>>> print(open('model_23.txt').read())   # compact mmCIF, C-alpha atoms and all ligand atoms
# COMPACT_ATOMS: atom_id res chain seq x y z
CA MET A 1 9.83 4.51 4.21
CA GLN A 2 8.62 6.15 1.03
CA VAL A 3 5.60 4.79 -0.81
CA LEU A 4 5.29 6.11 -4.36
CA ILE A 5 2.04 5.38 -6.18
CA LYS A 6 2.13 5.35 -9.98
CA LYS A 7 -0.72 4.82 -12.46
CA ASP A 8 0.19 1.35 -13.71
CA GLN A 9 3.08 -1.07 -13.99
CA THR A 10 4.48 0.65 -17.09
CA GLU A 11 4.74 3.94 -15.17
CA VAL A 12 6.31 2.04 -12.26
CA GLY A 13 8.90 0.51 -14.60
CA LYS A 14 9.76 3.91 -16.10
CA TRP A 15 10.09 5.55 -12.70
CA VAL A 16 12.23 2.77 -11.23
CA ALA A 17 14.50 2.59 -14.29
CA ASP A 18 14.93 6.36 -14.21
CA TYR A 19 15.74 6.22 -10.50
CA ILE A 20 18.36 3.48 -11.00
CA ILE A 21 19.94 5.40 -13.89
CA LYS A 22 20.14 8.61 -11.79
CA LYS A 23 21.67 6.68 -8.89
CA ILE A 24 24.32 5.15 -11.14
CA ILE A 25 25.14 8.44 -12.86
CA ASP A 26 25.42 10.28 -9.53
CA PHE A 27 27.65 7.51 -8.15
CA ASN A 28 29.89 7.81 -11.22
CA PRO A 29 31.14 4.20 -11.03
CA THR A 30 34.60 3.20 -12.24
CA ASN A 31 36.38 -0.11 -12.61
CA ASN A 32 37.88 0.34 -9.14
CA ARG A 33 34.71 1.71 -7.60
CA PRO A 34 31.77 -0.11 -9.17
CA PHE A 35 28.09 0.40 -8.34
CA VAL A 36 26.63 -2.77 -6.81
CA LEU A 37 23.06 -3.66 -7.69
CA GLY A 38 20.89 -6.42 -6.19
CA LEU A 39 18.35 -7.82 -8.66
CA PRO A 40 15.16 -9.90 -8.64
CA THR A 41 13.38 -12.12 -11.14
CA GLY A 42 9.60 -12.34 -11.63
CA SER A 43 7.11 -10.32 -13.64
CA SER A 44 7.33 -7.25 -11.37
CA PRO A 45 10.78 -6.05 -12.52
CA LEU A 46 10.19 -6.75 -16.24
CA PRO A 47 8.94 -3.23 -17.14
CA THR A 48 12.00 -1.84 -15.30
CA TYR A 49 14.39 -4.14 -17.19
CA ASN A 50 12.71 -3.25 -20.50
CA GLU A 51 13.08 0.45 -19.79
CA LEU A 52 16.72 0.06 -18.67
CA ILE A 53 17.45 -1.80 -21.91
CA ARG A 54 15.71 0.92 -23.94
CA ARG A 55 17.67 3.67 -22.19
CA HIS A 56 20.92 1.70 -22.61
CA LYS A 57 20.25 1.44 -26.36
CA LEU A 58 19.65 5.20 -26.45
CA GLY A 59 23.11 5.65 -24.92
CA ASP A 60 21.79 7.04 -21.61
CA ILE A 61 23.44 4.42 -19.39
CA SER A 62 26.31 1.94 -19.43
CA PHE A 63 26.57 -1.11 -17.17
CA GLN A 64 30.31 -1.56 -17.71
CA ASN A 65 31.11 -0.66 -14.11
CA ILE A 66 28.10 -2.28 -12.48
CA ILE A 67 28.29 -5.45 -10.39
CA THR A 68 25.07 -7.39 -9.89
CA PHE A 69 23.96 -9.98 -7.35
CA ASN A 70 20.72 -11.80 -8.02
CA MET A 71 18.60 -12.65 -5.04
CA ASP A 72 17.74 -16.30 -5.61
CA GLU A 73 17.88 -19.44 -7.75
CA TYR A 74 16.15 -22.82 -7.74
CA VAL A 75 18.10 -25.87 -6.57
CA GLY A 76 18.57 -28.72 -9.00
CA ILE A 77 17.50 -27.41 -12.40
CA PRO A 78 20.12 -26.68 -15.07
CA GLU A 79 21.03 -23.05 -15.78
CA SER A 80 19.82 -23.65 -19.35
CA HIS A 81 16.32 -24.59 -18.10
CA THR A 82 13.84 -21.96 -19.31
CA GLN A 83 12.56 -21.51 -15.74
CA SER A 84 15.96 -21.09 -14.09
CA TYR A 85 16.65 -17.60 -12.83
CA HIS A 86 19.96 -17.68 -14.75
CA PHE A 87 17.99 -18.15 -17.97
CA PHE A 88 15.48 -15.44 -16.98
CA MET A 89 18.15 -12.85 -16.23
CA TYR A 90 20.13 -13.35 -19.42
CA VAL A 91 17.08 -13.48 -21.70
CA ASN A 92 15.29 -10.54 -20.08
CA PHE A 93 18.20 -8.27 -19.17
CA PHE A 94 21.89 -9.17 -19.33
CA ASN A 95 21.94 -10.21 -23.02
CA HIS A 96 20.73 -6.72 -23.96
CA ILE A 97 23.14 -4.53 -21.98
CA ASP A 98 26.91 -4.08 -21.82
CA ILE A 99 27.56 -5.65 -18.40
CA PRO A 100 30.76 -7.75 -18.35
CA LYS A 101 29.88 -11.41 -17.66
CA GLN A 102 32.32 -11.57 -14.75
CA ASN A 103 30.35 -8.79 -13.00
CA VAL A 104 27.17 -10.90 -12.90
CA HIS A 105 26.58 -13.03 -9.79
CA ILE A 106 23.75 -15.56 -9.54
CA LEU A 107 23.63 -18.30 -6.93
CA ASN A 108 24.54 -21.74 -8.28
CA GLY A 109 21.66 -24.06 -7.44
CA ASN A 110 23.69 -27.01 -8.73
CA ALA A 111 26.73 -26.47 -6.51
CA LEU A 112 28.03 -29.67 -4.92
CA ASN A 113 28.06 -27.99 -1.54
CA LEU A 114 25.06 -25.66 -1.37
CA ASP A 115 25.88 -24.32 2.11
CA GLN A 116 29.38 -23.43 0.94
CA GLU A 117 27.91 -21.72 -2.15
CA CYS A 118 25.75 -19.54 0.12
CA LEU A 119 28.68 -18.63 2.38
CA GLU A 120 30.80 -17.71 -0.66
CA TYR A 121 27.96 -15.55 -2.01
CA GLU A 122 27.84 -13.55 1.21
CA LYS A 123 31.64 -13.17 1.05
CA ASN A 124 31.45 -12.00 -2.55
CA ILE A 125 28.87 -9.36 -1.66
CA PHE A 126 31.08 -8.19 1.21
CA ASN A 127 34.19 -8.12 -1.00
CA ALA A 128 32.31 -6.07 -3.61
CA GLY A 129 31.77 -3.42 -0.91
CA GLY A 130 28.14 -4.33 -0.11
CA ILE A 131 25.06 -3.68 -2.19
CA ASP A 132 24.30 -0.05 -3.03
CA LEU A 133 20.73 -0.61 -4.20
CA PHE A 134 18.70 -3.80 -3.84
CA LEU A 135 15.77 -3.92 -6.27
CA CYS A 136 13.13 -6.42 -5.08
CA GLY A 137 9.76 -7.82 -6.03
CA ILE A 138 7.35 -9.33 -3.54
CA GLY A 139 5.29 -12.52 -3.39
CA ASN A 140 1.51 -12.40 -2.86
CA ASP A 141 2.21 -13.71 0.64
CA GLY A 142 4.75 -10.97 1.35
CA HIS A 143 7.84 -13.08 0.67
CA ILE A 144 10.95 -11.22 -0.37
CA ALA A 145 13.52 -13.05 -2.52
CA LEU A 146 12.53 -16.59 -1.49
CA ASN A 147 12.25 -15.80 2.19
CA GLU A 148 8.87 -17.37 2.78
CA PRO A 149 6.54 -16.33 5.62
CA GLY A 150 8.13 -17.35 8.92
CA SER A 151 11.67 -16.68 7.69
CA SER A 152 14.05 -15.14 10.17
CA LEU A 153 14.15 -11.41 9.62
CA THR A 154 17.92 -11.48 10.20
CA SER A 155 18.55 -14.46 7.89
CA ARG A 156 21.55 -14.69 5.55
CA THR A 157 21.99 -16.45 2.20
CA ARG A 158 20.97 -20.08 2.59
CA VAL A 159 19.09 -23.09 1.26
CA LYS A 160 15.33 -22.69 1.69
CA SER A 161 12.49 -25.16 1.29
CA LEU A 162 9.72 -23.57 -0.72
CA CYS A 163 6.28 -23.48 0.86
CA TYR A 164 3.32 -25.23 -0.76
CA ASP A 165 1.76 -21.92 -1.90
CA THR A 166 4.89 -20.92 -3.84
CA ILE A 167 5.27 -24.40 -5.38
CA HIS A 168 1.60 -24.35 -6.35
CA PHE A 169 1.79 -20.79 -7.69
CA ASN A 170 4.95 -21.47 -9.71
CA SER A 171 3.64 -24.76 -11.15
CA ARG A 172 2.09 -22.68 -13.96
CA PHE A 173 5.64 -22.31 -15.31
CA PHE A 174 6.25 -26.08 -15.05
CA ASP A 175 3.39 -27.46 -17.21
CA ASN A 176 1.04 -27.10 -14.20
CA ASP A 177 2.78 -30.16 -12.79
CA LEU A 178 3.55 -29.75 -9.08
CA SER A 179 6.07 -32.59 -9.22
CA LYS A 180 8.21 -30.65 -11.73
CA VAL A 181 8.60 -27.58 -9.50
CA PRO A 182 11.85 -27.53 -7.51
CA THR A 183 11.14 -27.80 -3.77
CA LYS A 184 14.27 -25.98 -2.70
CA ALA A 185 16.02 -22.76 -3.63
CA LEU A 186 19.04 -20.73 -2.65
CA THR A 187 18.13 -17.25 -1.54
CA VAL A 188 19.78 -14.22 -0.03
CA GLY A 189 18.46 -13.68 3.49
CA VAL A 190 16.23 -10.92 4.75
CA GLY A 191 19.30 -9.65 6.62
CA THR A 192 21.35 -9.70 3.41
CA ILE A 193 18.77 -7.47 1.73
CA MET A 194 18.53 -5.18 4.74
CA ASP A 195 22.31 -4.63 4.66
CA ALA A 196 21.98 -2.91 1.28
CA ARG A 197 22.41 0.85 1.48
CA GLU A 198 19.03 1.26 -0.19
CA VAL A 199 16.15 -1.17 -0.78
CA LEU A 200 13.47 -0.59 -3.41
CA ILE A 201 10.49 -2.96 -3.61
CA VAL A 202 8.25 -2.98 -6.68
CA ILE A 203 4.66 -3.94 -5.82
CA THR A 204 2.20 -4.01 -8.72
CA GLY A 205 -1.18 -5.52 -9.46
CA TYR A 206 -4.32 -6.23 -7.48
CA ASN A 207 -3.03 -9.65 -6.38
CA LYS A 208 -0.35 -7.85 -4.33
CA ALA A 209 -2.85 -5.56 -2.56
CA ARG A 210 -3.00 -7.57 0.66
CA ALA A 211 0.80 -7.78 0.82
CA LEU A 212 1.16 -4.02 0.32
CA LYS A 213 -1.35 -3.39 3.10
CA GLU A 214 0.46 -5.68 5.53
CA VAL A 215 3.87 -4.25 4.66
CA VAL A 216 2.80 -0.60 5.01
CA GLU A 217 -0.02 -0.53 7.56
CA SER A 218 0.71 -3.45 9.91
CA GLY A 219 3.72 -3.97 12.17
CA VAL A 220 6.93 -5.76 11.27
CA SER A 221 6.21 -9.49 11.17
CA HIS A 222 8.03 -12.59 9.98
CA LEU A 223 4.67 -13.68 8.56
CA TRP A 224 5.05 -10.85 6.00
CA PRO A 225 8.83 -10.82 5.55
CA ALA A 226 8.86 -7.69 3.34
CA SER A 227 7.42 -5.70 6.28
CA ILE A 228 11.03 -5.51 7.55
CA LEU A 229 11.38 -2.60 5.11
CA GLN A 230 9.86 -0.46 7.88
CA MET A 231 13.19 -0.86 9.70
CA HIS A 232 15.36 0.28 6.77
CA GLN A 233 16.66 3.85 6.73
CA ASN A 234 16.39 4.05 2.95
CA GLY A 235 13.39 1.94 2.01
CA ILE A 236 11.22 2.75 -0.99
CA ILE A 237 8.09 1.02 -2.26
CA VAL A 238 7.01 1.85 -5.79
CA CYS A 239 3.53 0.51 -6.45
CA ASP A 240 0.70 0.99 -8.92
CA GLU A 241 -2.88 2.06 -8.25
CA SER A 242 -4.17 -1.54 -8.42
CA ALA A 243 -1.89 -2.64 -5.60
CA THR A 244 -3.26 0.09 -3.31
CA MET A 245 -6.82 -1.33 -3.30
CA GLU A 246 -6.59 -2.68 0.27
CA LEU A 247 -4.87 0.39 1.74
CA GLN A 248 -6.84 2.86 3.81
CA VAL A 249 -7.82 6.02 1.94
CA LYS A 250 -5.87 8.10 4.48
CA THR A 251 -2.70 6.06 3.84
CA VAL A 252 -2.93 6.61 0.08
CA LYS A 253 -3.70 10.30 0.59
CA TYR A 254 -0.78 10.73 2.98
CA PHE A 255 1.81 9.22 0.65
CA LYS A 256 0.45 11.04 -2.41
CA GLU A 257 0.50 14.39 -0.59
CA ILE A 258 3.95 13.88 0.84
CA GLU A 259 5.28 13.10 -2.64
CA ILE A 260 3.95 16.43 -3.86
CA ILE A 261 5.32 18.33 -0.86
CA ALA A 262 8.71 16.60 -0.95
CA LYS A 263 9.05 17.13 -4.72
CA ASP A 264 12.68 16.31 -5.34
CA GLU A 265 13.65 15.95 -1.69
CA THR A 266 13.93 12.46 -0.25
CA VAL A 267 11.60 11.73 2.65
CA HIS A 268 12.06 8.56 4.67
N1 LIG B 301 11.72 -15.55 -6.48
C1 LIG B 301 10.69 -14.71 -6.99
C2 LIG B 301 10.61 -13.45 -6.17
O1 LIG B 301 11.84 -12.78 -6.23
C3 LIG B 301 9.49 -12.57 -6.72
O2 LIG B 301 9.43 -11.37 -6.02
C4 LIG B 301 8.17 -13.30 -6.63
C5 LIG B 301 7.01 -12.52 -7.21
O3 LIG B 301 6.96 -12.69 -8.60
P1 LIG B 301 6.15 -11.74 -9.55
O4 LIG B 301 6.92 -10.48 -9.64
O5 LIG B 301 6.11 -12.48 -10.86
O6 LIG B 301 4.81 -11.56 -8.94
O7 LIG B 301 8.29 -14.52 -7.35
C6 LIG B 301 9.35 -15.40 -7.00
O8 LIG B 301 9.09 -16.01 -5.79
>>> encode(input="model_23.txt", output="structure tokens", more="lines below")
Ligand SMILES: N[C@@H]1[C@@H](O)[C@H](O)[C@@H](COP(=O)(O)O)O[C@@H]1O
Amino acid sequence: MQVLIKKDQTEVGKWVADYIIKKIIDFNPTNNRPFVLGLPTGSSPLPTYNELIRRHKLGDISFQNIITFNMDEYVGIPESHTQSYHFFMYVNFFNHIDIPKQNVHILNGNALNLDQECLEYEKNIFNAGGIDLFLCGIGNDGHIALNEPGSSLTSRTRVKSLCYDTIHFNSRFFDNDLSKVPTKALTVGVGTIMDAREVLIVITGYNKARALKEVVESGVSHLWPASILQMHQNGIIVCDESATMELQVKTVKYFKEIEIIAKDETVH
């Protein structure tokens, strides 16, 4: 696992966007051989999306031959709802780049048969050749996508009941009214994310400090689902200084030094 520590979330966004652009350019995607990207919602990826949009407008990157799979969606709110992840992705990213609409995949939280929707999603990922790079955020409690603490670390795409903490935390987006927050979501599984050829988790802000500590310094545990990254051969965490506040000094020093030593080489 690599842990890269940047000054703040703007620097994190620039680094991650640059990394994604390099990956895509090196891959040289075509219509027949597209690059497959897994994507999150939340505040963590916003600086990355803003930078990708900026670089797209500069002509540095095209998304014509990119296929995307979003990680999750609420059950039971319309796609046009301002808090749906469909709405979020189009407003914050897809409307500003040249990705063909048919290349965008987001789980349908209003499907008549939700289990079938999840099975089809897994099939679609498989048929697209698997995910090349899964970009993720993390919850304060270490959840990844909407795999809450206690989720199976080999789980696949499925319907999940949200835990009280997440409902409470997200109520700020629903007029602070707990009863308006959906109680269920569709989410890719921890296993679905782990199948990606590379997984990059963005962890920024002091409120994520405990999660970063558990993910990096403790063992793999279903109570901190993102800690499964320790088992991935190509796992990268990109965090800011604020998120490192609970890490041991020696951990921070180690990862900073190894970044200098490795320079352009990849160390896992
Ligand atoms: N479904 C999303 C997750 O994908 C995201 O990682 C998490 C953290 O959000 P933020 O980045 O805003 O802290 O929020 C939600 O639960």
>>> residues_near_ligand(input="model_23.txt", ligand="ligand LIG 301 (chain B)", cutoff="6 Å", atoms="only C-alpha atoms and all ligand atoms", output="number ranges by chain")
A: 40-44, 137-139, 144-146
>>> residues_around(input="model_23.txt", residues="Cys118 of chain A", least_positions_apart="4", cutoff="10 Å", atoms="only C-alpha atoms", output="PDB file with C-alpha atoms, in the coordinates of the input")
ATOM      1  CA  LEU A 107      23.630 -18.300  -6.930  1.00  0.00           C
ATOM      2  CA  ASN A 108      24.540 -21.740  -8.280  1.00  0.00           C
ATOM      3  CA  GLY A 109      21.660 -24.060  -7.440  1.00  0.00           C
ATOM      4  CA  ALA A 111      26.730 -26.470  -6.510  1.00  0.00           C
ATOM      5  CA  ASN A 113      28.060 -27.990  -1.540  1.00  0.00           C
ATOM      6  CA  LEU A 114      25.060 -25.660  -1.370  1.00  0.00           C
ATOM      7  CA  GLU A 122      27.840 -13.550   1.210  1.00  0.00           C
ATOM      8  CA  LYS A 123      31.640 -13.170   1.050  1.00  0.00           C
ATOM      9  CA  ASN A 124      31.450 -12.000  -2.550  1.00  0.00           C
ATOM     10  CA  ARG A 156      21.550 -14.690   5.550  1.00  0.00           C
ATOM     11  CA  THR A 157      21.990 -16.450   2.200  1.00  0.00           C
ATOM     12  CA  ARG A 158      20.970 -20.080   2.590  1.00  0.00           C
ATOM     13  CA  VAL A 159      19.090 -23.090   1.260  1.00  0.00           C
ATOM     14  CA  LEU A 186      19.040 -20.730  -2.650  1.00  0.00           C
ATOM     15  CA  THR A 187      18.130 -17.250  -1.540  1.00  0.00           C
ATOM     16  CA  VAL A 188      19.780 -14.220  -0.030  1.00  0.00           C
ATOM     17  CA  GLY A 189      18.460 -13.680   3.490  1.00  0.00           C
TER      18      GLY A 189
END
>>> residues_around(input="model_23.txt", residues="segment 200-217 of chain A", least_positions_apart="2", cutoff="8 Å", atoms="all atoms listed in the file", output="number ranges by chain")
A: 8-9, 12, 44-45, 133-142, 198, 219-220, 224, 226-230, 235-247
>>> residues_around(input="model_23.txt", residues="Arg172 of chain A", least_positions_apart="6", cutoff="12 Å", atoms="all atoms listed in the file", output="ChimeraX atom specification")
/A:83,166,178-181
>>> write_last_selection(input="model_23.txt", atoms="C-alpha atoms", output="PDB file, keeping the file's coordinate frame")
ATOM      1  CA  GLN A  83      12.560 -21.510 -15.740  1.00  0.00           C
ATOM      2  CA  THR A 166       4.890 -20.920  -3.840  1.00  0.00           C
ATOM      3  CA  LEU A 178       3.550 -29.750  -9.080  1.00  0.00           C
ATOM      4  CA  SER A 179       6.070 -32.590  -9.220  1.00  0.00           C
ATOM      5  CA  LYS A 180       8.210 -30.650 -11.730  1.00  0.00           C
ATOM      6  CA  VAL A 181       8.600 -27.580  -9.500  1.00  0.00           C
TER       7      VAL A 181
END
>>> residues_near_point(input="model_23.txt", point="(27.5, 0.2, -21.4)", cutoff="7 Å", atoms="only C-alpha atoms", output="list in words")
His56, Ile61, Ser62, Phe63, Gln64, Ile97, Asp98 and Ile99 of chain A
>>> atom_distance(input="model_23.txt", atom1="atom CA of Val16 of chain A", atom2="atom CA of Tyr74 of chain A")
26.1 Å
>>> residues_near_point(input="model_23.txt", point="(26.2, 5.2, -13.8)", cutoff="8 Å", atoms="only C-alpha atoms", output="NGL selection string")
:A and (21-29 or 35 or 61-63 or 65-66)
>>> closest_residue(input="model_23.txt", among="A:Leu46, A:Gly150, A:Lys160, A:Leu37", to="Val104 of chain A", atoms="only C-alpha atoms")
A:Leu37
>>> closest_residue(input="model_23.txt", among="A:Asn110, A:Pro47, A:Val199, A:Ile53", to="Ser80 of chain A", atoms="all atoms listed in the file")
A:Asn110
>>> atom_distance(input="model_23.txt", atom1="atom CA of Phe94 of chain A", atom2="atom CA of Gly76 of chain A")
22.4 Å
>>> closest_residue(input="model_23.txt", among="A:Asp132, A:Asp18, A:Glu73, A:Asp177", to="Asn50 of chain A", atoms="only C-alpha atoms")
A:Asp18
>>> axis_aligned_box(input="model_23.txt", around="segment 121-138 of chain A", padding_each_side="3 Å", output="lines of an AutoDock Vina configuration file")
center_x = 20.8
center_y = -7.8
center_z = -2.5
size_x = 32.8
size_y = 21.5
size_z = 13.5
>>> atom_distance(input="model_23.txt", atom1="atom CA of Thr192 of chain A", atom2="atom CA of Ser221 of chain A")
17.0 Å
